[in-house]
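Visitor: Shown below is the structure under consideration.
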Amino acid sequence: MNIKEQINNLREGLRQHNHNYYVLDNATISDYDFDIKLKQLQKLEEAHPEFYDANSPTLRVGGAITKNFNTVTHDYRMYSLSNSYSKEDLEDWETRIKKLVDGAIEYTCELKYDGASISLTYENGKLLRAVTRGDGYQGDDVTANIKTINSIPLVLKGTYPSRFDIRGEIVLPFEGFHKMNEERIAEGEDPYRNPRNTASGSLKLQDSSEVAKRPLDCLLYHIIGEKLPINNQFESLEKAREWGFKVPPIAKVAKSISEVIEFVDYWNVHRHDLPYETDGIVIKVNNLFQQEELGYTAKAPRWAIAYKFKAEKATTVLNEITYQVGRTGAITPVANLEPVELAGTIVKRASLHNADQIEKFDIRVGDTVFVEKGGEIIPKIVGIDLEKRPLDSLATIYIIHCPKCNSALQRQEGDAKHFCPNIDGCPPQIMGRIQHFISRKAMDIDGLGSETVSLLVKNGLIHNYADLFELAVADILPLERMAGKSAENLIAGVEASKNVPFERVLFALGIRYVGETVAKKLSKHYKSINGLASASEEELINVDEIGEVIAKSVVDFFSLFENNDIINRLKSYGVQLEISEEELSNQTNKLEGNTFVVSGVFIKVSRNELKQLIEKNGGKVSSSISKKTNFVVAGDKMGPSKRTKAEGLGIAIITEDEFLLMIS
Ligand code: AMP
Ligand code: ZN
């Protein structure tokens, strides 16, 4: 046997043992023998670097260090799931989807694993990359860390498609979690709070050998790609298992919602016996063609729904109400609670939302309150135990002055929240706007963290985000904790941000209600800050998906002299305030004013590419057919009910070639 064959044999053998042990839970070799083989392989690989393989089992032990995780755009967006909490919610969902698809509907029921979601891309049977969910469109490339998770195959088995994405959840099973905590306590460190946060924190560790030490697991539930040999969700779980992935055998096909409910009821009790955390059941329409017909809303698939197990409740005492000032000046009252354990974490604070909420529940300091934790990070107060209210308790009087700058608070009609109007002089607003400006999804300025920002503001070096561009190394050096290197990094980071594309700059400006998605929409539509600044409220409302509230907020923003001044300064520094030539030349408005629905399988371009082409050419993509649809681009296997519906409404149904002609 030559060296290459020896190496291949060892790799193949180790892979199989690994699969048996971590995926099938059935060891076929002793740990000792496994280690011997691994060491043999390591030695051979070291001596023969020409046979390097990025997916060798030796890479499981980690070692790669990642300083900055690259941002990667998902080939397919990672959606979230709509939630349901009762039998009635599930029945309503069924009623809604039955209106949209033909024929009987079967459902797959799966556990909703509570961890961190991950998207794995495989090409020619090898793990190409692993990306976190991020904002659903883009996530972080955490491949080096993911490779250390033993239940994720680096090389697939059987017959698999040449390229596909598979999605799952990285979880930290209880046993491993407790073990990690025992070790931490023994070393005098604070234990980790809960498995989910520990799992998701692990993905972003810089040292992959640290990740390798954590007993993480990956449970897969969704395959996505072009022309897959799969007809339904249940089959895709089986295929994933065949290819070597870990897919819990608990999933079941249900023929009706009442069967779904049986599954829910059963697992609501038995989930406590599972080795990992779950927070609900995910119900999916089984048939993939029906899924395709149902499509997506802006946030989630219509073909799936999560049933959330009832949140756990705890009782505690409200010690104090404090008030936070956000970057937009919005005031949020916060309940400071007597610490209490809830669903595995210690809860000290809960959001009280606004003055109306406090008044409605008549919440008072000293009250015994019920707190509940749903999916959100900050728990909610859901009720008060009035019997325990102290006799001398006083009704809460909402503040009328800003807790940070003492300005009289304002509350506009229709607003639930109070605002501090002192935009220019209120420290948390000044700081908050700058912090938002430099944040990762905005200008992503390296070398500038929130501590540095507050240092710069406190020392009077910056007052707004435009001031960042006038900083010089010599200004920063005298500050405490600012070494030469970090000062240079900061200036370089500011300089580099001049390349950030307009849509992100627009988001960075911090206009109220203009989040990432809205900023994208507006930049596509207006193409420059000047275009946007001169738009009237009516014009803005006419832009797709822009409502009154956003329109008003944009107009208000540009009506302030200070804001225009700052924007002019940004322009003079060379910040991107219009979309680039390249983006422009890539775009046409050939399809402007037309809404398209895409259905079926295509030959020349993928469905995803087709959608991108529509948007690049000024058209709009919608996932369901309505009176507003202008064209349906029909591929192979288009759903029959979509066709009937389009025909009924007299909508033009065109082929892939006809579409490509439209934009050529
Ligand atoms: P949420 O974060 O509450 O919107 O729920 C959506 C998330 O549930 C997805 O992004 C997945 O990470 C996670 N999830 C866990 N188990 C499943 C499953 N069996 N099917 C689909 N999603 C799941
Ligand atoms: Zn203030």
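Identifiers in this document derive from the order of the structure tokens: chains are assigned A, B, ..., residues are numbered from 1 separately in each chain, and ligands are numbered from 1 in order of occurrence.
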Step by step, measure atom-to-atom distances between ligand 1 and each residue using only C-alpha atoms and all ligand atoms, keep those at most 9 Å, then write them as JSON, numbers by chain.
Guide: {"A": [78, 79, 80, 81, 82, 83, 109, 110, 111, 112, 113, 114, 115, 116, 117, 118, 133, 136, 167, 168, 169, 170, 219, 220, 221, 222, 251, 278, 279, 280, 281, 282, 283, 284, 299, 300, 304, 305, 306, 308, 375, 376]}
Visitor: Could you report the residues within 12 Å of ligand 2, using only C-alpha atoms and all ligand atoms, as a PDB file with C-alpha atoms, in the first residue's frame?
Guide:
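Below is the file that was written, selection_30.pdb:
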```
ATOM      1  CA  TYR A 323     -35.791  54.543  32.633  1.00  0.00           C
ATOM      2  CA  GLN A 324     -33.526  53.995  29.640  1.00  0.00           C
ATOM      3  CA  VAL A 325     -32.971  56.524  26.889  1.00  0.00           C
ATOM      4  CA  GLY A 326     -32.406  55.056  23.433  1.00  0.00           C
ATOM      5  CA  ARG A 327     -30.514  56.557  20.519  1.00  0.00           C
ATOM      6  CA  THR A 328     -33.706  58.002  19.084  1.00  0.00           C
ATOM      7  CA  GLY A 329     -34.572  59.553  22.447  1.00  0.00           C
ATOM      8  CA  ALA A 330     -37.263  56.968  23.146  1.00  0.00           C
ATOM      9  CA  ILE A 331     -37.763  56.291  26.844  1.00  0.00           C
ATOM     10  CA  ILE A 399     -41.319  60.564  34.770  1.00  0.00           C
ATOM     11  CA  ILE A 400     -41.813  63.868  32.948  1.00  0.00           C
ATOM     12  CA  HIS A 401     -38.143  64.754  32.614  1.00  0.00           C
ATOM     13  CA  CYS A 402     -35.334  62.927  30.854  1.00  0.00           C
ATOM     14  CA  PRO A 403     -33.353  60.932  33.452  1.00  0.00           C
ATOM     15  CA  LYS A 404     -30.108  61.804  31.660  1.00  0.00           C
ATOM     16  CA  CYS A 405     -30.394  65.433  30.585  1.00  0.00           C
ATOM     17  CA  ASN A 406     -33.461  66.631  32.456  1.00  0.00           C
ATOM     18  CA  SER A 407     -35.283  67.966  29.359  1.00  0.00           C
ATOM     19  CA  ALA A 408     -39.076  67.884  29.538  1.00  0.00           C
ATOM     20  CA  LEU A 409     -40.244  64.705  27.809  1.00  0.00           C
ATOM     21  CA  GLN A 410     -42.626  64.820  24.860  1.00  0.00           C
ATOM     22  CA  HIS A 418     -42.234  59.321  25.517  1.00  0.00           C
ATOM     23  CA  PHE A 419     -39.271  61.014  23.890  1.00  0.00           C
ATOM     24  CA  CYS A 420     -36.470  63.246  25.040  1.00  0.00           C
ATOM     25  CA  PRO A 421     -36.383  66.080  22.467  1.00  0.00           C
ATOM     26  CA  ASN A 422     -32.832  67.131  23.287  1.00  0.00           C
ATOM     27  CA  ILE A 423     -31.378  65.355  20.259  1.00  0.00           C
ATOM     28  CA  ASP A 424     -28.154  67.301  20.327  1.00  0.00           C
ATOM     29  CA  GLY A 425     -27.457  67.489  24.018  1.00  0.00           C
ATOM     30  CA  CYS A 426     -28.683  64.258  25.570  1.00  0.00           C
ATOM     31  CA  PRO A 427     -25.648  61.994  26.152  1.00  0.00           C
ATOM     32  CA  PRO A 428     -27.243  58.571  25.525  1.00  0.00           C
ATOM     33  CA  GLN A 429     -28.716  59.865  22.263  1.00  0.00           C
ATOM     34  CA  ILE A 430     -25.416  61.292  21.073  1.00  0.00           C
ATOM     35  CA  MET A 431     -23.585  58.146  22.050  1.00  0.00           C
ATOM     36  CA  GLY A 432     -26.300  55.845  20.756  1.00  0.00           C
TER      37      GLY A 432
END
```
Visitor: Based on DSSP run over this structure's backbone, return all residues of range 1-171 of chain A in strand (DSSP E or B), as an mmCIF file with C-alpha atoms, in the first residue's frame.
Guide:
```
data_model
loop_
_atom_site.group_PDB
_atom_site.id
_atom_site.type_symbol
_atom_site.label_atom_id
_atom_site.label_comp_id
_atom_site.auth_asym_id
_atom_site.auth_seq_id
_atom_site.Cartn_x
_atom_site.Cartn_y
_atom_site.Cartn_z
ATOM 1 C CA ILE A 65 -7.793 30.826 14.677
ATOM 2 C CA THR A 71 -19.679 37.826 6.111
ATOM 3 C CA VAL A 72 -21.257 35.490 3.583
ATOM 4 C CA THR A 73 -24.503 35.923 1.678
ATOM 5 C CA ASN A 83 -45.466 31.012 16.049
ATOM 6 C CA SER A 84 -48.586 29.442 17.431
ATOM 7 C CA TYR A 107 -47.770 17.546 7.801
ATOM 8 C CA THR A 108 -44.393 16.628 9.206
ATOM 9 C CA CYS A 109 -44.024 17.255 12.899
ATOM 10 C CA GLU A 110 -40.516 17.799 14.248
ATOM 11 C CA LEU A 111 -39.067 18.978 17.499
ATOM 12 C CA LYS A 112 -37.979 22.590 17.633
ATOM 13 C CA TYR A 113 -34.429 22.325 18.884
ATOM 14 C CA ALA A 116 -28.132 28.295 17.221
ATOM 15 C CA SER A 117 -29.166 27.829 13.617
ATOM 16 C CA ILE A 118 -26.570 27.013 11.020
ATOM 17 C CA SER A 119 -26.508 26.624 7.260
ATOM 18 C CA LEU A 120 -24.046 24.096 5.845
ATOM 19 C CA THR A 121 -23.156 24.063 2.161
ATOM 20 C CA TYR A 122 -21.894 20.833 0.593
ATOM 21 C CA GLU A 123 -20.286 20.633 -2.801
ATOM 22 C CA LYS A 126 -17.679 17.806 0.938
ATOM 23 C CA LEU A 127 -18.427 20.450 3.493
ATOM 24 C CA LEU A 128 -17.690 23.721 1.728
ATOM 25 C CA ARG A 129 -18.751 26.213 4.363
ATOM 26 C CA ALA A 130 -20.850 26.744 7.453
ATOM 27 C CA VAL A 131 -22.592 30.045 7.963
ATOM 28 C CA THR A 132 -24.583 31.401 10.913
ATOM 29 C CA GLN A 138 -26.064 37.225 5.429
ATOM 30 C CA GLY A 139 -24.274 35.424 8.203
ATOM 31 C CA ASP A 140 -20.770 34.739 9.492
ATOM 32 C CA ASP A 141 -18.539 32.090 8.025
ATOM 33 C CA VAL A 155 -17.498 14.030 3.691
ATOM 34 C CA ARG A 163 -24.435 21.046 -4.345
ATOM 35 C CA PHE A 164 -26.986 21.819 -1.663
ATOM 36 C CA ASP A 165 -27.474 23.607 1.643
ATOM 37 C CA ILE A 166 -28.593 21.815 4.745
ATOM 38 C CA ARG A 167 -29.832 23.611 7.802
ATOM 39 C CA GLY A 168 -29.914 22.617 11.379
ATOM 40 C CA GLU A 169 -29.443 23.635 14.922
ATOM 41 C CA ILE A 170 -26.222 23.552 16.906
ATOM 42 C CA VAL A 171 -27.150 22.393 20.380
#
```
Visitor: Write out as a ChimeraX atom specification the set of residues from range 144-229 of chain A that DSSP, computed on the backbone, places in alpha helix (DSSP H).
Guide: /A:144-146,174-186,195-203,208-213
Visitor: Please produce a file of those selected residues containing N, CA, C and O atoms, as a CSV table (one decimal), in the first residue's frame.
Guide:
```csv
chain,number,residue,atom,x,y,z
A,144,ALA,N,-14.4,26.9,10.2
A,144,ALA,CA,-13.3,26.3,11.0
A,144,ALA,C,-13.9,25.7,12.3
A,144,ALA,O,-13.5,24.7,12.8
A,145,ASN,N,-14.8,26.5,13.0
A,145,ASN,CA,-15.3,26.0,14.2
A,145,ASN,C,-16.3,24.9,14.1
A,145,ASN,O,-16.3,23.9,14.9
A,146,ILE,N,-17.1,24.9,13.0
A,146,ILE,CA,-18.0,23.9,12.8
A,146,ILE,C,-17.4,22.5,12.5
A,146,ILE,O,-17.9,21.5,12.8
A,174,PHE,N,-27.6,18.6,27.4
A,174,PHE,CA,-27.5,18.8,28.9
A,174,PHE,C,-26.3,18.2,29.5
A,174,PHE,O,-25.6,18.8,30.3
A,175,GLU,N,-26.0,16.9,29.2
A,175,GLU,CA,-25.0,16.2,29.9
A,175,GLU,C,-23.6,17.0,29.7
A,175,GLU,O,-22.9,17.2,30.7
A,176,GLY,N,-23.3,17.3,28.5
A,176,GLY,CA,-22.1,18.0,28.2
A,176,GLY,C,-22.1,19.4,28.8
A,176,GLY,O,-21.0,19.9,29.4
A,177,PHE,N,-23.2,20.0,28.8
A,177,PHE,CA,-23.3,21.4,29.4
A,177,PHE,C,-23.0,21.3,30.9
A,177,PHE,O,-22.2,22.1,31.4
A,178,HIS,N,-23.6,20.3,31.6
A,178,HIS,CA,-23.4,20.2,33.1
A,178,HIS,C,-21.9,19.9,33.3
A,178,HIS,O,-21.3,20.4,34.3
A,179,LYS,N,-21.3,19.1,32.5
A,179,LYS,CA,-19.9,18.7,32.7
A,179,LYS,C,-19.0,19.9,32.5
A,179,LYS,O,-18.1,20.2,33.3
A,180,MET,N,-19.3,20.7,31.5
A,180,MET,CA,-18.6,22.0,31.3
A,180,MET,C,-18.7,22.8,32.5
A,180,MET,O,-17.7,23.4,33.0
A,181,ASN,N,-19.9,22.9,33.1
A,181,ASN,CA,-20.1,23.8,34.2
A,181,ASN,C,-19.4,23.3,35.5
A,181,ASN,O,-18.8,24.1,36.2
A,182,GLU,N,-19.4,22.0,35.6
A,182,GLU,CA,-18.6,21.4,36.8
A,182,GLU,C,-17.2,21.8,36.7
A,182,GLU,O,-16.6,22.2,37.7
A,183,GLU,N,-16.6,21.7,35.5
A,183,GLU,CA,-15.2,22.1,35.4
A,183,GLU,C,-15.0,23.5,35.7
A,183,GLU,O,-14.0,23.9,36.3
A,184,ARG,N,-15.9,24.3,35.2
A,184,ARG,CA,-15.8,25.8,35.4
A,184,ARG,C,-15.8,26.1,36.9
A,184,ARG,O,-15.0,26.9,37.4
A,185,ILE,N,-16.8,25.5,37.6
A,185,ILE,CA,-16.9,25.8,39.0
A,185,ILE,C,-15.7,25.3,39.7
A,185,ILE,O,-15.1,26.0,40.6
A,186,ALA,N,-15.2,24.2,39.3
A,186,ALA,CA,-13.9,23.7,39.9
A,186,ALA,C,-12.8,24.6,39.8
A,186,ALA,O,-11.9,24.7,40.6
A,195,PRO,N,-27.8,26.2,28.1
A,195,PRO,CA,-27.1,25.5,26.9
A,195,PRO,C,-27.2,26.3,25.6
A,195,PRO,O,-26.3,26.3,24.8
A,196,ARG,N,-28.4,27.0,25.4
A,196,ARG,CA,-28.5,27.6,24.1
A,196,ARG,C,-27.5,28.7,23.9
A,196,ARG,O,-26.9,28.8,22.9
A,197,ASN,N,-27.4,29.6,24.9
A,197,ASN,CA,-26.5,30.7,24.8
A,197,ASN,C,-25.0,30.2,24.7
A,197,ASN,O,-24.2,30.8,24.0
A,198,THR,N,-24.7,29.2,25.4
A,198,THR,CA,-23.4,28.6,25.4
A,198,THR,C,-23.1,28.1,24.0
A,198,THR,O,-22.0,28.3,23.4
A,199,ALA,N,-24.1,27.4,23.4
A,199,ALA,CA,-23.9,26.8,22.0
A,199,ALA,C,-23.7,28.0,21.0
A,199,ALA,O,-22.8,27.9,20.3
A,200,SER,N,-24.5,29.0,21.1
A,200,SER,CA,-24.4,30.0,20.1
A,200,SER,C,-23.1,30.8,20.3
A,200,SER,O,-22.4,31.2,19.4
A,201,GLY,N,-22.7,31.0,21.6
A,201,GLY,CA,-21.5,31.7,21.9
A,201,GLY,C,-20.3,30.9,21.3
A,201,GLY,O,-19.3,31.5,20.8
A,202,SER,N,-20.4,29.6,21.4
A,202,SER,CA,-19.3,28.7,20.9
A,202,SER,C,-18.9,29.0,19.5
A,202,SER,O,-17.8,28.9,19.1
A,203,LEU,N,-20.0,29.2,18.7
A,203,LEU,CA,-19.8,29.3,17.2
A,203,LEU,C,-18.8,30.5,16.9
A,203,LEU,O,-18.2,30.5,15.9
A,208,SER,N,-10.5,27.7,17.3
A,208,SER,CA,-11.4,26.5,17.0
A,208,SER,C,-11.0,25.3,17.9
A,208,SER,O,-11.9,24.5,18.1
A,209,SER,N,-9.8,25.3,18.5
A,209,SER,CA,-9.5,24.2,19.4
A,209,SER,C,-10.3,24.3,20.7
A,209,SER,O,-10.6,23.3,21.4
A,210,GLU,N,-10.7,25.5,21.0
A,210,GLU,CA,-11.6,25.7,22.2
A,210,GLU,C,-13.0,25.2,21.9
A,210,GLU,O,-13.7,24.6,22.7
A,211,VAL,N,-13.4,25.4,20.6
A,211,VAL,CA,-14.7,24.9,20.2
A,211,VAL,C,-14.7,23.4,20.2
A,211,VAL,O,-15.7,22.7,20.7
A,212,ALA,N,-13.6,22.8,19.8
A,212,ALA,CA,-13.5,21.3,19.7
A,212,ALA,C,-13.7,20.7,21.1
A,212,ALA,O,-14.1,19.6,21.2
A,213,LYS,N,-13.3,21.5,22.2
A,213,LYS,CA,-13.4,20.9,23.5
A,213,LYS,C,-14.9,20.9,24.0
A,213,LYS,O,-15.2,20.2,25.0
```
Visitor: Per residue of range 19-100 of chain A within 12 Å of range 257-264 of chain A, record the nearest atom pair and its distance in Å to one decimal, counting only C-alpha atoms, with rows in chain order and ascending residue number, as CSV.
Guide:
```
residue,atom,partner,partner_atom,distance
A:Ser84,CA,A:Val264,CA,11.7
A:Tyr85,CA,A:Val264,CA,10.7
A:Ser86,CA,A:Ile261,CA,9.2
A:Lys87,CA,A:Ile261,CA,6.9
A:Glu88,CA,A:Ile257,CA,10.1
A:Asp89,CA,A:Ile257,CA,10.7
A:Leu90,CA,A:Ile257,CA,7.1
A:Glu91,CA,A:Ile257,CA,6.8
A:Asp92,CA,A:Ile257,CA,10.2
A:Trp93,CA,A:Ile257,CA,9.6
A:Glu94,CA,A:Ile257,CA,7.5
A:Thr95,CA,A:Ile257,CA,10.4
A:Lys98,CA,A:Ile257,CA,11.9
```
Visitor: Restricting it to all heavy atoms, dump the selection as a compact mmCIF listing (two decimals), in the first residue's frame.
Guide:
```txt
# COMPACT_ATOMS: atom_id res chain seq x y z
N SER A 84 -47.22 29.69 16.99
CA SER A 84 -48.59 29.44 17.43
C SER A 84 -48.51 28.91 18.85
O SER A 84 -47.46 28.39 19.26
CB SER A 84 -49.26 28.42 16.51
OG SER A 84 -48.57 27.20 16.60
N TYR A 85 -49.59 29.09 19.57
CA TYR A 85 -49.56 28.74 20.99
C TYR A 85 -50.70 27.84 21.42
O TYR A 85 -50.81 27.45 22.56
CB TYR A 85 -49.58 30.03 21.84
CG TYR A 85 -48.42 30.94 21.52
CD1 TYR A 85 -48.54 31.92 20.53
CD2 TYR A 85 -47.20 30.79 22.17
CE1 TYR A 85 -47.46 32.73 20.20
CE2 TYR A 85 -46.12 31.60 21.85
CZ TYR A 85 -46.26 32.57 20.87
OH TYR A 85 -45.19 33.37 20.54
N SER A 86 -51.62 27.58 20.49
CA SER A 86 -52.79 26.79 20.89
C SER A 86 -53.29 25.96 19.72
O SER A 86 -52.89 26.15 18.57
CB SER A 86 -53.91 27.74 21.33
OG SER A 86 -54.34 28.48 20.20
N LYS A 87 -54.19 25.05 20.07
CA LYS A 87 -54.86 24.22 19.09
C LYS A 87 -55.57 25.10 18.07
O LYS A 87 -55.52 24.87 16.87
CB LYS A 87 -55.87 23.38 19.88
CG LYS A 87 -56.53 22.31 19.11
CD LYS A 87 -57.31 21.40 20.08
CE LYS A 87 -58.21 20.51 19.27
NZ LYS A 87 -59.62 20.67 19.49
N GLU A 88 -56.22 26.16 18.58
CA GLU A 88 -56.97 27.06 17.70
C GLU A 88 -56.04 27.72 16.68
O GLU A 88 -56.36 27.83 15.51
CB GLU A 88 -57.69 28.16 18.50
CG GLU A 88 -58.89 27.67 19.30
CD GLU A 88 -58.47 26.80 20.50
OE1 GLU A 88 -57.42 27.09 21.11
OE2 GLU A 88 -59.18 25.82 20.80
N ASP A 89 -54.86 28.17 17.15
CA ASP A 89 -53.90 28.79 16.23
C ASP A 89 -53.56 27.83 15.10
O ASP A 89 -53.43 28.22 13.95
CB ASP A 89 -52.59 29.14 16.96
CG ASP A 89 -52.76 30.30 17.93
OD1 ASP A 89 -53.83 30.94 17.89
OD2 ASP A 89 -51.82 30.55 18.70
N LEU A 90 -53.37 26.56 15.46
CA LEU A 90 -52.99 25.58 14.45
C LEU A 90 -54.13 25.36 13.46
O LEU A 90 -53.92 25.25 12.25
CB LEU A 90 -52.59 24.25 15.10
CG LEU A 90 -51.26 24.26 15.85
CD1 LEU A 90 -51.04 22.95 16.57
CD2 LEU A 90 -50.10 24.54 14.89
N GLU A 91 -55.35 25.33 14.00
CA GLU A 91 -56.50 25.15 13.10
C GLU A 91 -56.68 26.35 12.17
O GLU A 91 -56.99 26.19 10.99
CB GLU A 91 -57.77 24.90 13.93
CG GLU A 91 -57.77 23.49 14.49
CD GLU A 91 -58.78 23.28 15.62
OE1 GLU A 91 -59.37 24.28 16.09
OE2 GLU A 91 -58.95 22.12 16.03
N ASP A 92 -56.43 27.55 12.70
CA ASP A 92 -56.51 28.74 11.85
C ASP A 92 -55.48 28.68 10.72
O ASP A 92 -55.75 29.05 9.59
CB ASP A 92 -56.23 30.02 12.66
CG ASP A 92 -57.37 30.33 13.61
OD1 ASP A 92 -58.44 29.69 13.47
OD2 ASP A 92 -57.18 31.18 14.49
N TRP A 93 -54.31 28.20 11.11
CA TRP A 93 -53.24 28.08 10.09
C TRP A 93 -53.70 27.13 8.99
O TRP A 93 -53.59 27.42 7.80
CB TRP A 93 -51.97 27.58 10.76
CG TRP A 93 -50.83 27.29 9.82
CD1 TRP A 93 -50.22 28.19 9.00
CD2 TRP A 93 -50.19 26.03 9.59
NE1 TRP A 93 -49.22 27.57 8.29
CE2 TRP A 93 -49.18 26.24 8.63
CE3 TRP A 93 -50.36 24.74 10.11
CZ2 TRP A 93 -48.35 25.22 8.17
CZ3 TRP A 93 -49.52 23.73 9.67
CH2 TRP A 93 -48.53 23.97 8.70
N GLU A 94 -54.27 25.98 9.40
CA GLU A 94 -54.73 25.03 8.40
C GLU A 94 -55.78 25.65 7.48
O GLU A 94 -55.75 25.49 6.27
CB GLU A 94 -55.29 23.78 9.07
CG GLU A 94 -55.78 22.76 8.05
CD GLU A 94 -56.25 21.45 8.66
OE1 GLU A 94 -57.07 21.51 9.58
OE2 GLU A 94 -55.78 20.40 8.21
N THR A 95 -56.72 26.39 8.08
CA THR A 95 -57.76 27.04 7.26
C THR A 95 -57.13 27.98 6.24
O THR A 95 -57.50 27.98 5.07
CB THR A 95 -58.71 27.85 8.18
OG1 THR A 95 -59.08 27.02 9.26
CG2 THR A 95 -59.93 28.33 7.43
N LYS A 98 -55.29 25.97 3.48
CA LYS A 98 -56.18 25.18 2.62
C LYS A 98 -56.77 26.02 1.51
O LYS A 98 -57.14 25.51 0.45
CB LYS A 98 -57.27 24.52 3.45
CG LYS A 98 -56.78 23.27 4.15
CD LYS A 98 -57.89 22.29 4.42
CE LYS A 98 -57.30 20.91 4.65
NZ LYS A 98 -58.12 20.10 5.56
```
Visitor: Compare A:Lys458, A:Ile550, A:Met443, A:Pro640 by their minimum atom-to-atom distance to Glu538 in chain A, counting only C-alpha atoms, and give me the closest one.
Guide: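 Of A:Lys458, A:Ile550, A:Met443, A:Pro640, the one nearest Glu538 in chain A, counting only C-alpha atoms, is A:Ile550.
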Visitor: Which value, in Å to one decimal, gives the distance between CA of Gln612 in chain A and CA of Glu516 in chain A?
Guide: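 Going from CA of Gln612 in chain A over to CA of Glu516 in chain A, I get 18.2 Å.
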Visitor: Excluding range 230-245 of chain A and residues on its chain fewer than 2 positions from it, collect all residues at most 9 Å away from it, counting only C-alpha atoms, and give them as a PyMOL selection string.
Guide: chain A and resi 19+23+107-108+125+151-153+155-160+166+218-223+227-228+247-249+251-253+284-289
Visitor: Restricting the calculation to only C-alpha atoms, which member of A:Arg15, A:Lys590, A:Arg349, A:Lys485 is positioned closest to Ile663 in chain A?
Guide: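 Nearest to Ile663 in chain A: A:Lys590.
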Visitor: Could you work out how far CA of Thr345 in chain A lies from CA of Val371 in chain A, giving the answer in Å with one decimal?
Guide: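 Atom-to-atom, CA of Val371 in chain A and CA of Thr345 in chain A are spaced 12.5 Å apart.
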Visitor: With only C-alpha atoms as the atoms that count, which of A:Asn617, A:Gln357, A:Ser450, A:Gln6 lies nearest to Leu584 in chain A?
Guide: A:Asn617
Visitor: Nearest to Ser624 in chain A: which of A:Glu292, A:Glu12, A:Glu277, A:Asp53 is it, counting only C-alpha atoms?
Guide: A:Glu292
Visitor: Rounded to one decimal in Å, what is the spacing between CA of Glu548 in chain A and CA of Lys524 in chain A?
Guide: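 Computing the Euclidean distance for CA of Glu548 in chain A and CA of Lys524 in chain A yields 18.9 Å.
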Visitor: Tell me which of A:Val317, A:Leu352, A:Val494, A:Val334 sits closest to Phe370 in chain A, counting only C-alpha atoms.
Guide: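 Distance minimum relative to Phe370 in chain A lands on A:Val317.
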Visitor: Contacts of range 468-470 of chain A at 9 Å or less, counting only C-alpha atoms, minus same-chain residues fewer than 4 places along, as an MDAnalysis selection string?
Guide: chainID A and resid 434 461:464 491 494:495 570 573
Visitor: Which residue, A:Ile97, A:Ala551, A:Val505, A:Leu522, has the smallest gap to Ser536 in chain A when you use only C-alpha atoms?
Guide: A:Ala551
Visitor: Quick one: residues within 8 Å of Arg11 in chain A, only C-alpha atoms, excluding same-chain residues fewer than 2 positions away - as a list of chain:residue names?
Guide: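 Counting only C-alpha atoms, the residues come to A:Ile7, A:Asn8, A:Asn9, A:Gly13, A:Leu14, A:Arg15, A:Leu41, A:Ser56, A:Pro57.
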